[in-house]
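Structure file my_file-v9.txt with compact mmCIF, C-alpha atoms:
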```txt
# COMPACT_ATOMS: atom_id res chain seq x y z
CA MET A 8 39.34 18.72 43.23
CA THR A 9 35.70 17.86 42.86
CA GLN A 10 34.64 14.36 42.07
CA SER A 11 31.51 13.08 40.40
CA SER A 12 29.46 10.54 42.26
CA PRO A 13 29.96 6.91 41.29
CA LEU A 14 27.54 5.21 38.96
CA ASN A 15 25.01 4.13 41.54
CA PHE A 16 21.70 2.49 40.67
CA ARG A 17 19.79 5.73 40.26
CA ARG A 18 22.35 7.23 37.97
CA SER A 19 22.70 3.98 36.05
CA VAL A 20 19.00 4.02 35.25
CA ILE A 21 19.14 7.66 34.21
CA TRP A 22 22.07 6.98 31.90
CA LEU A 23 20.49 3.87 30.48
CA GLY A 24 17.21 5.68 29.92
CA ARG A 25 18.91 8.62 28.29
CA ILE A 26 20.74 6.41 25.85
CA VAL A 27 17.92 3.97 25.07
CA VAL A 28 15.04 6.43 24.94
CA GLY A 29 17.16 9.08 23.22
CA LEU A 30 18.41 6.74 20.52
CA ILE A 31 14.96 5.27 19.94
CA PHE A 32 13.45 8.73 19.58
CA VAL A 33 16.14 9.80 17.14
CA TYR A 34 15.76 6.61 15.12
CA ALA A 35 11.96 6.83 15.17
CA GLY A 36 12.03 10.37 13.83
CA TYR A 37 14.73 9.67 11.29
CA SER A 38 13.01 6.55 9.98
CA LYS A 39 9.72 8.36 9.52
CA VAL A 40 11.41 11.00 7.42
CA PHE A 41 13.78 8.81 5.42
CA LEU A 42 12.10 5.40 5.24
CA PRO A 43 10.82 3.50 3.36
CA ASN A 44 12.09 5.69 0.51
CA GLN A 45 15.70 6.68 0.99
CA HIS A 46 16.45 8.44 -2.23
CA LEU A 47 18.72 11.37 -1.57
CA TRP A 48 19.84 12.83 -4.86
CA PRO A 49 19.09 14.92 -6.87
CA TYR A 50 17.16 17.38 -4.76
CA PHE A 51 13.76 16.82 -6.36
CA ILE A 52 14.13 13.11 -5.70
CA LEU A 53 14.98 13.77 -2.04
CA ARG A 54 11.99 16.10 -1.74
CA PHE A 55 9.69 13.51 -3.23
CA SER A 56 11.12 10.78 -0.99
CA VAL A 57 10.60 12.78 2.18
CA SER A 58 7.17 13.97 1.08
CA SER A 59 5.95 10.50 0.21
CA ASN A 60 7.39 9.08 3.45
CA LEU A 61 5.57 11.71 5.47
CA SER A 62 2.39 11.13 3.47
CA THR A 63 2.60 7.45 4.26
CA PHE A 64 3.10 8.29 7.92
CA ALA A 65 0.12 10.66 7.80
CA PHE A 66 -1.98 7.82 6.44
CA GLN A 67 -0.84 5.65 9.34
CA VAL A 68 -1.71 8.37 11.85
CA GLU A 69 -5.11 8.79 10.26
CA SER A 70 -5.76 5.07 10.43
CA TYR A 71 -6.00 5.35 14.23
CA LYS A 72 -9.24 7.27 13.64
CA VAL A 73 -8.44 9.73 16.37
CA LEU A 74 -7.58 12.83 14.36
CA SER A 75 -9.04 14.45 11.29
CA ALA A 76 -7.17 14.31 7.99
CA ALA A 77 -5.76 17.78 8.59
CA GLY A 78 -4.79 16.89 12.16
CA SER A 79 -3.09 13.71 10.98
CA ALA A 80 -1.17 15.62 8.32
CA PHE A 81 -0.06 18.16 10.92
CA VAL A 82 1.12 15.46 13.30
CA ALA A 83 2.86 13.57 10.51
CA HIS A 84 4.76 16.64 9.42
CA THR A 85 5.85 17.71 12.90
CA LEU A 86 6.18 14.63 15.10
CA PRO A 87 9.21 13.07 13.36
CA PHE A 88 11.22 16.27 13.75
CA VAL A 89 10.10 16.68 17.35
CA GLU A 90 11.24 13.12 18.02
CA ILE A 91 14.67 13.74 16.50
CA VAL A 92 15.21 16.94 18.48
CA LEU A 93 13.86 15.43 21.69
CA GLY A 94 16.05 12.36 21.29
CA LEU A 95 19.12 14.50 20.76
CA LEU A 96 18.28 16.65 23.77
CA LEU A 97 17.96 13.54 25.92
CA LEU A 98 21.31 12.29 24.70
CA ILE A 99 22.95 15.65 25.28
CA GLY A 100 21.38 16.02 28.72
CA TRP A 101 20.68 19.74 28.60
CA ARG A 102 17.64 20.63 30.75
CA PHE A 103 17.27 16.93 31.11
CA ARG A 104 14.30 16.84 33.49
CA VAL A 105 12.19 18.97 31.17
CA TRP A 106 12.82 16.83 28.11
CA ALA A 107 12.60 13.57 30.04
CA SER A 108 9.18 14.63 31.29
CA LEU A 109 8.09 15.54 27.78
CA ALA A 110 9.38 12.25 26.36
CA THR A 111 7.52 10.36 29.07
CA ALA A 112 4.32 12.24 28.31
CA ILE A 113 4.69 11.50 24.60
CA LEU A 114 5.33 7.82 25.30
CA LEU A 115 2.28 7.73 27.53
CA GLY A 116 0.24 9.14 24.66
CA PHE A 117 1.65 6.53 22.28
CA LEU A 118 0.84 3.75 24.72
CA CYS A 119 -2.75 4.95 25.10
CA LEU A 120 -3.18 5.07 21.33
CA VAL A 121 -1.74 1.65 20.56
CA THR A 122 -3.61 0.06 23.46
CA ARG A 123 -6.87 1.56 22.26
CA ALA A 124 -6.23 0.39 18.71
CA TYR A 125 -5.28 -3.08 19.91
CA LEU A 126 -8.36 -3.41 22.11
CA LEU A 127 -10.55 -2.27 19.23
CA HIS A 128 -8.94 -4.96 17.01
CA MET A 129 -7.90 -2.36 14.49
CA ASP A 130 -5.95 -4.01 11.70
CA ILE A 131 -3.51 -1.18 11.11
CA ASN A 132 0.16 -0.38 11.04
CA CYS A 133 1.39 1.14 14.26
CA GLY A 134 3.35 3.96 12.62
CA CYS A 135 5.94 3.81 15.36
CA PHE A 136 8.82 3.79 12.91
CA GLY A 137 9.23 4.39 9.22
CA ALA A 138 8.84 0.82 8.08
CA PRO A 139 5.17 -0.14 8.23
CA GLU A 140 4.70 -2.53 11.11
CA PRO A 141 1.42 -4.22 12.03
CA LEU A 142 0.06 -3.28 15.42
CA THR A 143 0.13 -6.33 17.66
CA ILE A 144 0.40 -7.12 21.34
CA LYS A 145 4.16 -6.88 20.89
CA THR A 146 3.76 -3.25 19.93
CA VAL A 147 1.78 -2.59 23.10
CA ALA A 148 4.35 -4.45 25.21
CA ARG A 149 7.23 -2.58 23.62
CA ASP A 150 5.61 0.78 24.21
CA ALA A 151 4.80 -0.16 27.80
CA ALA A 152 8.41 -1.22 28.41
CA LEU A 153 9.73 1.98 26.93
CA LEU A 154 7.31 4.07 28.96
CA ALA A 155 8.30 2.27 32.15
CA LEU A 156 11.94 3.00 31.47
CA ALA A 157 11.25 6.65 30.62
CA LEU A 158 9.13 7.06 33.73
CA LEU A 159 11.78 5.53 35.95
CA MET A 160 14.41 7.72 34.33
CA THR A 161 12.35 10.87 34.86
CA VAL A 162 11.50 10.10 38.48
CA PHE A 163 15.12 9.33 39.26
CA ALA A 164 16.23 12.48 37.49
CA PHE A 165 14.01 14.56 39.76
CA GLN A 166 15.21 12.65 42.81
CA GLU A 167 18.79 13.17 41.76
CA ALA A 168 18.23 16.90 41.47
CA ARG A 169 16.60 17.10 44.88
CA LYS A 170 18.99 14.85 46.73
CA PRO A 171 22.24 14.58 44.84
CA HIS A 172 24.57 11.78 45.72
CA PRO A 173 26.95 12.79 48.51
CA TRP A 174 29.88 12.32 46.18
CA ALA A 175 28.37 14.38 43.41
CA ALA A 176 30.18 17.43 42.20
CA PRO A 177 28.76 20.49 43.93
CA GLN A 178 26.36 22.70 42.00
CA LYS A 179 27.78 25.96 40.83
CA SER A 180 26.56 28.86 42.90
CA GLN A 181 23.87 30.88 41.16
CA SER A 182 24.67 34.06 43.06
CA ALA A 183 27.73 36.12 42.38
CA MET B 20 17.60 -6.60 47.70
CA LYS B 21 14.92 -4.27 46.52
CA ARG B 22 17.40 -2.23 44.56
CA ARG B 23 18.81 -5.29 42.92
CA HIS B 24 15.38 -6.27 41.72
CA LEU B 25 14.76 -2.81 40.40
CA ALA B 26 18.08 -2.80 38.60
CA VAL B 27 17.33 -6.11 36.95
CA ALA B 28 13.89 -4.90 35.95
CA ALA B 29 15.28 -1.70 34.47
CA ILE B 30 17.91 -3.54 32.47
CA ALA B 31 15.37 -6.06 31.24
CA LEU B 32 13.07 -3.26 30.17
CA ALA B 33 15.85 -1.51 28.36
CA LEU B 34 16.91 -4.64 26.55
CA ALA B 35 13.35 -5.49 25.65
CA SER B 36 12.80 -2.00 24.29
CA ALA B 37 15.97 -2.10 22.26
CA ALA B 38 15.26 -5.58 20.93
CA PHE B 39 11.75 -4.68 19.92
CA SER B 40 12.84 -1.46 18.34
CA PHE B 41 15.65 -2.77 16.27
CA GLY B 42 13.77 -5.88 15.28
CA LEU B 43 11.06 -3.81 13.65
CA GLY B 44 9.45 -5.07 10.55
CA VAL B 45 11.31 -8.32 10.72
CA ASN B 46 8.15 -10.32 11.18
CA HIS B 47 7.47 -10.89 7.54
CA GLU B 48 4.29 -12.87 7.95
CA LEU B 49 2.64 -10.24 10.07
CA ALA B 50 3.93 -7.49 7.92
CA VAL B 51 2.42 -8.93 4.81
CA ARG B 52 -0.98 -8.94 6.45
CA THR B 53 -1.25 -5.20 6.43
CA GLY B 54 0.32 -4.39 3.17
CA VAL B 55 3.93 -4.78 4.02
CA ASP B 56 6.34 -7.38 2.88
CA ASP B 57 9.13 -6.59 5.26
CA GLY B 58 10.73 -3.67 6.94
CA LYS B 59 13.50 -3.18 4.45
CA PRO B 60 13.53 0.17 2.76
CA ALA B 61 12.65 0.21 -0.87
CA VAL B 62 15.98 1.46 -2.04
CA LEU B 63 15.80 3.61 -5.08
CA ALA B 64 17.12 1.80 -8.05
CA SER B 65 18.21 4.73 -10.08
CA VAL B 66 19.85 2.69 -12.72
CA ASN B 67 21.19 3.93 -15.96
CA ALA B 68 20.31 1.62 -18.72
CA GLU B 69 20.44 3.20 -22.09
CA SER B 70 19.08 0.30 -23.96
CA ALA B 71 17.34 -1.63 -21.30
CA VAL B 72 14.07 0.27 -21.18
CA ALA B 73 12.51 -1.96 -23.66
CA VAL B 74 8.79 -1.73 -23.92
CA SER B 75 7.28 -5.09 -24.14
CA ALA B 76 6.10 -6.31 -27.45
CA HIS B 77 2.81 -7.07 -25.78
CA GLN B 78 2.03 -3.44 -25.33
CA PRO B 79 -0.59 -1.98 -27.56
CA GLU B 80 0.30 0.46 -30.27
CA ASN B 81 -1.71 3.14 -28.60
CA THR B 82 -3.73 2.52 -25.55
CA THR B 83 -5.76 5.55 -24.73
CA ASN B 84 -8.21 4.70 -22.09
CA ALA B 85 -9.37 7.07 -19.48
CA ASN B 86 -10.32 4.28 -17.21
CA ALA B 87 -6.95 3.63 -15.92
CA THR B 88 -6.48 2.86 -12.37
CA ALA B 89 -3.04 2.50 -11.24
CA LYS B 90 -2.96 -0.55 -9.09
CA SER B 91 -0.81 -3.44 -9.46
CA THR B 92 0.01 -6.52 -7.68
CA ALA B 93 3.41 -7.63 -6.99
CA LYS B 94 4.04 -10.59 -4.90
CA PRO B 95 6.11 -10.45 -1.82
CA ALA B 96 8.69 -13.09 -2.31
CA GLU B 97 10.09 -15.00 0.58
CA PRO B 98 12.66 -12.64 1.98
CA SER B 99 15.38 -15.23 1.99
CA SER B 100 14.73 -16.36 -1.54
CA ARG B 101 14.00 -13.05 -3.13
CA PRO B 102 16.12 -12.76 -6.23
CA ARG B 103 18.39 -9.77 -6.34
CA PRO B 104 17.68 -7.79 -9.45
CA GLN B 105 20.39 -6.99 -11.90
CA PRO B 106 20.53 -3.38 -13.12
CA ALA B 107 19.25 -4.34 -16.53
CA GLN B 108 16.37 -6.23 -14.95
CA LEU B 109 15.39 -3.21 -12.91
CA SER B 110 15.36 -0.89 -15.87
CA ALA B 111 13.80 -3.23 -18.32
CA GLN B 112 10.07 -2.93 -18.26
CA PRO B 113 8.34 -6.21 -17.60
CA GLU B 114 5.62 -7.46 -19.90
CA VAL B 115 2.52 -5.34 -19.84
CA ASP B 116 -1.04 -6.55 -20.09
CA PRO B 117 -2.48 -3.97 -22.50
CA HIS B 118 -5.86 -4.23 -20.85
CA CYS B 119 -4.38 -2.90 -17.64
CA ALA B 120 -2.32 -0.14 -19.20
CA PHE B 121 -3.56 3.36 -19.91
CA GLY B 122 -2.30 6.25 -21.95
CA SER B 123 0.27 6.31 -24.69
CA ARG B 124 3.07 3.80 -24.46
CA THR B 125 5.39 6.42 -25.95
CA ALA B 126 4.74 8.79 -23.05
CA PRO B 127 7.95 10.14 -21.49
CA VAL B 128 7.14 8.73 -18.05
CA THR B 129 5.90 5.25 -17.29
CA MET B 130 4.21 4.60 -13.95
CA GLU B 131 3.66 1.06 -12.77
CA VAL B 132 1.56 0.80 -9.65
CA TYR B 133 1.90 -2.45 -7.71
CA SER B 134 -1.29 -2.70 -5.76
CA ASP B 135 -3.48 -4.95 -3.67
CA PHE B 136 -7.25 -4.44 -3.73
CA GLN B 137 -7.57 -5.33 -0.06
CA CYS B 138 -4.83 -2.97 1.07
CA PRO B 139 -6.17 0.24 2.73
CA ALA B 140 -3.17 2.27 1.63
CA CYS B 141 -3.80 1.25 -1.99
CA LYS B 142 -7.37 2.41 -1.60
CA GLN B 143 -6.09 5.72 -0.26
CA LEU B 144 -3.73 6.13 -3.19
CA PHE B 145 -6.53 5.33 -5.60
CA LYS B 146 -8.90 7.79 -3.98
CA THR B 147 -6.46 10.67 -3.85
CA THR B 148 -4.48 10.40 -7.06
CA ASN B 149 -6.19 8.28 -9.69
CA GLN B 150 -8.65 10.59 -11.34
CA PRO B 151 -6.51 13.76 -11.48
CA LEU B 152 -3.58 11.66 -12.66
CA LEU B 153 -5.66 10.29 -15.51
CA ASP B 154 -7.03 13.69 -16.43
CA ASN B 155 -3.80 15.65 -16.31
CA TYR B 156 -1.05 13.23 -17.20
CA VAL B 157 -2.32 10.00 -18.69
CA ASN B 158 -4.90 11.35 -21.08
CA THR B 159 -2.55 14.14 -22.14
CA GLY B 160 0.12 11.68 -23.22
CA LYS B 161 2.63 12.50 -20.48
CA VAL B 162 2.36 9.32 -18.45
CA TYR B 163 1.84 5.72 -19.40
CA LEU B 164 0.05 4.15 -16.47
CA ILE B 165 0.26 0.42 -15.80
CA HIS B 166 -1.71 -1.44 -13.21
CA ARG B 167 0.11 -4.42 -11.71
CA ASP B 168 -1.51 -6.85 -9.35
CA PHE B 169 0.27 -7.64 -6.12
CA PRO B 170 -2.22 -9.64 -4.03
CA LEU B 171 -0.57 -10.11 -0.67
CA PRO B 172 -0.87 -13.67 0.63
CA MET B 173 -2.15 -12.60 4.03
CA HIS B 174 -5.10 -10.74 2.54
CA ALA B 175 -7.77 -13.38 2.23
CA TYR B 176 -9.63 -11.96 -0.76
CA SER B 177 -6.92 -10.01 -2.58
CA ARG B 178 -6.27 -12.70 -5.11
CA VAL B 179 -9.97 -13.18 -5.83
CA ALA B 180 -10.42 -9.44 -6.25
CA ALA B 181 -7.42 -9.27 -8.55
CA GLY B 182 -8.91 -12.08 -10.63
CA TYR B 183 -12.20 -10.26 -11.05
CA ALA B 184 -10.50 -6.94 -11.81
CA ARG B 185 -8.28 -8.57 -14.40
CA ALA B 186 -11.25 -10.26 -16.01
CA ALA B 187 -13.14 -6.98 -16.03
CA ALA B 188 -10.16 -5.34 -17.70
CA HIS B 189 -10.40 -7.88 -20.49
CA VAL B 190 -14.02 -6.94 -21.13
CA GLY B 191 -13.18 -3.21 -20.96
CA LYS B 192 -14.61 -2.56 -17.52
CA PHE B 193 -11.52 -2.31 -15.40
CA ASP B 194 -12.19 1.19 -14.18
CA VAL B 195 -15.71 0.38 -13.04
CA VAL B 196 -14.66 -2.72 -11.15
CA GLU B 197 -11.59 -1.12 -9.65
CA GLN B 198 -13.65 1.74 -8.32
CA ALA B 199 -16.28 -0.63 -6.94
CA LEU B 200 -13.67 -2.79 -5.24
CA PHE B 201 -11.90 0.10 -3.58
CA GLN B 202 -15.03 1.97 -2.61
CA ASN B 203 -16.52 -1.10 -0.99
CA GLN B 204 -13.28 -2.52 0.32
CA GLU B 205 -14.38 -2.66 3.93
CA LYS B 206 -17.60 -4.47 3.07
CA TRP B 207 -16.20 -7.28 0.95
CA GLU B 208 -13.19 -7.55 3.20
CA ALA B 209 -15.60 -8.34 6.02
CA ASN B 210 -18.00 -10.66 4.21
CA GLY B 211 -15.81 -11.97 1.40
CA ASP B 212 -18.40 -11.15 -1.21
CA VAL B 213 -16.09 -9.99 -3.97
CA LYS B 214 -18.32 -11.45 -6.64
CA GLY B 215 -21.37 -9.58 -5.35
CA THR B 216 -19.44 -6.32 -5.26
CA VAL B 217 -18.30 -6.75 -8.86
CA ALA B 218 -21.76 -7.88 -9.99
CA ALA B 219 -23.34 -4.77 -8.50
CA ALA B 220 -21.06 -2.61 -10.59
CA LEU B 221 -21.55 -4.37 -13.93
CA SER B 222 -24.44 -5.15 -16.22
CA ALA B 223 -25.66 -8.73 -16.22
CA ALA B 224 -24.13 -9.37 -19.64
CA ASP B 225 -20.73 -8.01 -18.64
CA MET B 226 -20.80 -9.92 -15.38
CA LYS B 227 -21.46 -13.10 -17.29
CA LYS B 228 -18.38 -12.54 -19.42
CA VAL B 229 -16.29 -11.62 -16.40
CA GLN B 230 -17.46 -14.67 -14.49
CA ALA B 231 -16.60 -16.91 -17.43
CA LEU B 232 -13.07 -15.51 -17.51
CA VAL B 233 -12.69 -15.91 -13.77
CA ASP B 234 -13.98 -19.47 -13.86
CA GLY B 235 -11.74 -20.32 -16.78
CA LYS B 236 -8.67 -19.14 -14.85
CA THR B 237 -7.03 -18.13 -18.11
CA LEU B 238 -5.92 -14.78 -16.71
CA GLU B 239 -4.26 -16.13 -13.59
CA PRO B 240 -0.84 -16.34 -15.27
CA LEU B 241 -1.00 -12.60 -15.94
CA ILE B 242 -1.41 -11.94 -12.23
CA ASP B 243 1.50 -14.26 -11.52
CA LYS B 244 3.61 -12.39 -14.04
CA ASP B 245 2.89 -9.13 -12.28
CA LYS B 246 3.92 -10.70 -9.01
CA GLN B 247 7.15 -11.91 -10.51
CA ALA B 248 7.83 -8.46 -11.89
CA GLY B 249 7.28 -7.07 -8.41
CA GLN B 250 9.75 -9.51 -6.95
CA LEU B 251 12.45 -8.10 -9.16
CA ILE B 252 11.96 -4.50 -8.01
CA PRO B 253 11.65 -5.74 -5.20
CA VAL B 254 8.26 -4.64 -3.95
CA ASN B 255 8.26 -4.73 -0.16
CA GLN B 256 4.89 -3.18 0.48
CA THR B 257 1.80 -2.05 -1.33
CA PRO B 258 1.28 0.29 -2.93
CA THR B 259 4.64 0.64 -4.62
CA THR B 260 4.90 2.87 -7.64
CA VAL B 261 7.72 2.44 -10.12
CA PHE B 262 8.49 5.46 -12.28
CA ARG B 263 10.55 5.01 -15.41
CA HIS B 264 12.00 7.97 -17.24
CA LYS B 265 14.87 8.19 -19.71
CA GLY B 266 16.40 4.93 -18.64
CA GLN B 267 16.15 5.68 -14.93
CA THR B 268 13.96 3.65 -12.61
CA TYR B 269 12.51 5.13 -9.44
CA PRO B 270 10.54 2.78 -7.16
CA TYR B 271 8.53 4.50 -4.43
CA ALA B 272 6.75 2.72 -1.62
CA GLY B 273 3.73 4.09 0.15
CA VAL B 274 0.96 6.59 -0.24
CA MET B 275 1.41 9.97 -1.82
CA SER B 276 -0.99 12.83 -2.31
CA TYR B 277 -1.75 14.13 -5.78
CA ASP B 278 0.05 17.41 -5.11
CA ILE B 279 3.23 15.60 -4.16
CA LEU B 280 2.93 13.30 -7.15
CA LYS B 281 2.26 16.23 -9.45
CA GLY B 282 5.36 18.04 -8.24
CA PHE B 283 7.48 14.98 -8.82
CA LEU B 284 6.06 14.26 -12.27
CA ASP B 285 6.52 17.88 -13.34
CA ASP B 286 10.14 17.78 -12.19
CA LEU B 287 10.69 14.50 -13.95
CA LEU B 288 9.08 15.72 -17.18
CA SER B 289 11.11 18.92 -17.15
CA ARG B 290 14.37 16.97 -17.30
```

What does this structure look like when you write it as structure tokens?
Amino acid sequence: MTQSSPLNFRRSVIWLGRIVVGLIFVYAGYSKVFLPNQHLWPYFILRFSVSSNLSTFAFQVESYKVLSAAGSAFVAHTLPFVEIVLGLLLLIGWRFRVWASLATAILLGFLCLVTRAYLLHMDINCGCFGAPEPLTIKTVARDAALLALALLMTVFAFQEARKPHPWAAPQKSQSA
Amino acid sequence: MKRRHLAVAAIALALASAAFSFGLGVNHELAVRTGVDDGKPAVLASVNAESAVAVSAHQPENTTNANATAKSTAKPAEPSSRPRPQPAQLSAQPEVDPHCAFGSRTAPVTMEVYSDFQCPACKQLFKTTNQPLLDNYVNTGKVYLIHRDFPLPMHAYSRVAAGYARAAAHVGKFDVVEQALFQNQEKWEANGDVKGTVAAALSAADMKKVQALVDGKTLEPLIDKDKQAGQLIPVNQTPTTVFRHKGQTYPYAGVMSYDILKGFLDDLLSR
């Protein structure tokens, strides 16, 4: 009988990161699509709700003055769905190192953007979640904290793959 | 020892992230500053009220003015003291200042736009939707457009701008002043020169009349009434657009492009 390794520090961080970062990504994507307008029925109402929510998000993206209007619209209409899928993949754990690396890269991008906006004293909403939220030092700190956790999780995930815990269940043989 | 420190740091980071994330939008004061009242979603009040959609007696018999700009001001009430609207209150249309209403009051759809002149998102909504909306829906009798002032307390010059716009509306120059205020938003936001911005858009005679109305403060109660109407929706951010159609009320928060708005209005009108 094989036995999984105990929940040591490295694994604890990976699990914690998976849950926290995964849930936050899912919530961030969901809230951008369904907030602030959560009108679900009939269909034309739902369509208008989602469209106006994404338009509002596009406006927030544009307010960073980094992308063109078309670029902002593209990001606004793709990023929320990417976040939902990425969050779910982190929670599921399939190809974890790939998605953890991607999530870390995305969070690094977010941190760069909010830091730049904060340093430029831009009076804008951060656009992190669906509900408009002014960009403050708290936003920068939150993004930095989340990035640190994601980075730690990713590094530990690679370490875990290279040097599994002695008690870990053995990898299945790839060859027949 | 080292590991223990790392573990503590990781847990602290996780907790901080979670706390920040789930506490989003709770800072009402900060939120108001950038056009948001709080983080609560503007839940659709799709309320059936057969008899409640009563058009105010203050509405004009027929207001056909191409100058409409859909902006309104609703006031963000203190979150804890915000009155919860009753269904009849949501569906019943609040009093309308005829000078800030455009189109036919018998139009099948009524659009009330709660707006703040200093809010960038309101400017965006104005720039993208106002003129085509007037041309294709308001002036064709399909939509009755009502501007409602919602000067957010954290915007230093919103209230002043709303006062000038309201006064201009009462001398028939609302569209000119609204356009001037939004187009030059960044300038007067920086220097506070709302009066100069309005004066540059009006003739000397009109400006004199507008200034007299502003100085007299006789129109301030109308702005307050709009704010109170917004509290009942409730308006949580600007711009918020309230659509009324066949006894149903649909409040929508945020910016929307004209194409999206057109699709929605066409769907609504086809029902």

Return as an mmCIF file with C-alpha atoms, keeping the file's coordinate frame the residues belonging to chain A that are within 6 Å of chain B, counting only C-alpha atoms.
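Heads up, here's the output in selection-v9.cif:
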```cif
data_model
loop_
_atom_site.group_PDB
_atom_site.id
_atom_site.type_symbol
_atom_site.label_atom_id
_atom_site.label_comp_id
_atom_site.auth_asym_id
_atom_site.auth_seq_id
_atom_site.Cartn_x
_atom_site.Cartn_y
_atom_site.Cartn_z
ATOM 1 C CA LEU A 42 12.100 5.400 5.240
ATOM 2 C CA PRO A 43 10.820 3.500 3.360
ATOM 3 C CA ASN A 44 12.090 5.690 0.510
ATOM 4 C CA HIS A 46 16.450 8.440 -2.230
ATOM 5 C CA SER A 59 5.950 10.500 0.210
ATOM 6 C CA SER A 62 2.390 11.130 3.470
ATOM 7 C CA THR A 63 2.600 7.450 4.260
ATOM 8 C CA ALA A 138 8.840 0.820 8.080
ATOM 9 C CA GLU A 140 4.700 -2.530 11.110
ATOM 10 C CA PRO A 141 1.420 -4.220 12.030
ATOM 11 C CA ARG A 149 7.230 -2.580 23.620
ATOM 12 C CA ALA A 152 8.410 -1.220 28.410
ATOM 13 C CA LEU A 153 9.730 1.980 26.930
#
```

Spatial neighbours of stretch 95-111 of chain A, max dist 8 Å, all atoms listed in the file, sep filter under 5 positions, as a short mmCIF file (atom, residue, chain, number, x, y, z; two decimals) with C-alpha atoms, in the frame of the given file:
```
data_model
loop_
_atom_site.label_atom_id
_atom_site.label_comp_id
_atom_site.auth_asym_id
_atom_site.auth_seq_id
_atom_site.Cartn_x
_atom_site.Cartn_y
_atom_site.Cartn_z
CA ARG A 25 18.91 8.62 28.29
CA ILE A 26 20.74 6.41 25.85
CA VAL A 28 15.04 6.43 24.94
CA GLY A 29 17.16 9.08 23.22
CA LEU A 30 18.41 6.74 20.52
CA VAL A 33 16.14 9.80 17.14
CA LEU A 154 7.31 4.07 28.96
CA ALA A 157 11.25 6.65 30.62
CA LEU A 158 9.13 7.06 33.73
CA MET A 160 14.41 7.72 34.33
CA THR A 161 12.35 10.87 34.86
CA ALA A 164 16.23 12.48 37.49
CA PHE A 165 14.01 14.56 39.76
#
```

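The space between atom CA of A:Arg18 and atom CA of A:Val147 spans 27.2 Å.
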
Can you tell me, as JSON, numbers by chain, what residues are no more than 12 Å from B:Phe145 when counting only C-alpha atoms, ignoring any on the same chain fewer than 5 positions away?
{"B": [87, 88, 89, 90, 91, 132, 133, 134, 135, 136, 138, 139, 140, 150, 151, 152, 153, 166, 194, 197, 198, 199, 200, 201, 202, 204, 257, 258, 260, 273, 274, 275, 276, 277]}

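Summary of the local environment: counting all atoms listed in the file, residues at most 10 Å from B:Asp212, other than itself and those fewer than 6 positions away along its chain, are Tyr176, Val179, Ala180, Lys206 and Ala218 of chain B.
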
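With only C-alpha atoms as the atoms that count, the residue of A:Phe136, A:Met129, A:Arg17, A:Asp150 with the shortest distance to A:Asn60 is A:Phe136.
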
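Here the question is which of A:Ser19, A:Ser79, A:Thr85, A:Ser70 gets nearest to A:Lys39 using only C-alpha atoms, and that residue is A:Thr85.
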
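Between atom CA of B:Lys227 and atom CA of B:Ala175 the interatomic distance comes to 23.8 Å.
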
Render stretch 144-154 of chain A from the structure in the preceding block as a file of N, CA and C atoms, as a compact mmCIF listing (two decimals), in the first residue's frame.
```txt
# COMPACT_ATOMS: atom_id res chain seq x y z
N ILE A 144 -2.94 52.34 -1.70
CA ILE A 144 -1.77 51.56 -1.28
C ILE A 144 -2.19 50.16 -0.81
N LYS A 145 -3.41 50.07 -0.32
CA LYS A 145 -3.92 48.75 0.10
C LYS A 145 -4.00 47.80 -1.10
N THR A 146 -4.39 48.36 -2.23
CA THR A 146 -4.49 47.54 -3.44
C THR A 146 -3.10 47.00 -3.80
N VAL A 147 -2.12 47.87 -3.72
CA VAL A 147 -0.75 47.46 -4.05
C VAL A 147 -0.28 46.39 -3.05
N ALA A 148 -0.56 46.62 -1.78
CA ALA A 148 -0.13 45.66 -0.75
C ALA A 148 -0.82 44.31 -0.95
N ARG A 149 -2.09 44.36 -1.27
CA ARG A 149 -2.84 43.11 -1.47
C ARG A 149 -2.27 42.34 -2.65
N ASP A 150 -2.02 43.04 -3.74
CA ASP A 150 -1.47 42.37 -4.91
C ASP A 150 -0.09 41.81 -4.63
N ALA A 151 0.71 42.55 -3.86
CA ALA A 151 2.06 42.08 -3.52
C ALA A 151 1.96 40.82 -2.66
N ALA A 152 1.04 40.81 -1.72
CA ALA A 152 0.88 39.65 -0.83
C ALA A 152 0.45 38.43 -1.64
N LEU A 153 -0.47 38.66 -2.54
CA LEU A 153 -0.97 37.55 -3.36
C LEU A 153 0.14 37.03 -4.28
N LEU A 154 0.90 37.94 -4.82
CA LEU A 154 2.02 37.52 -5.69
C LEU A 154 3.04 36.72 -4.90
```
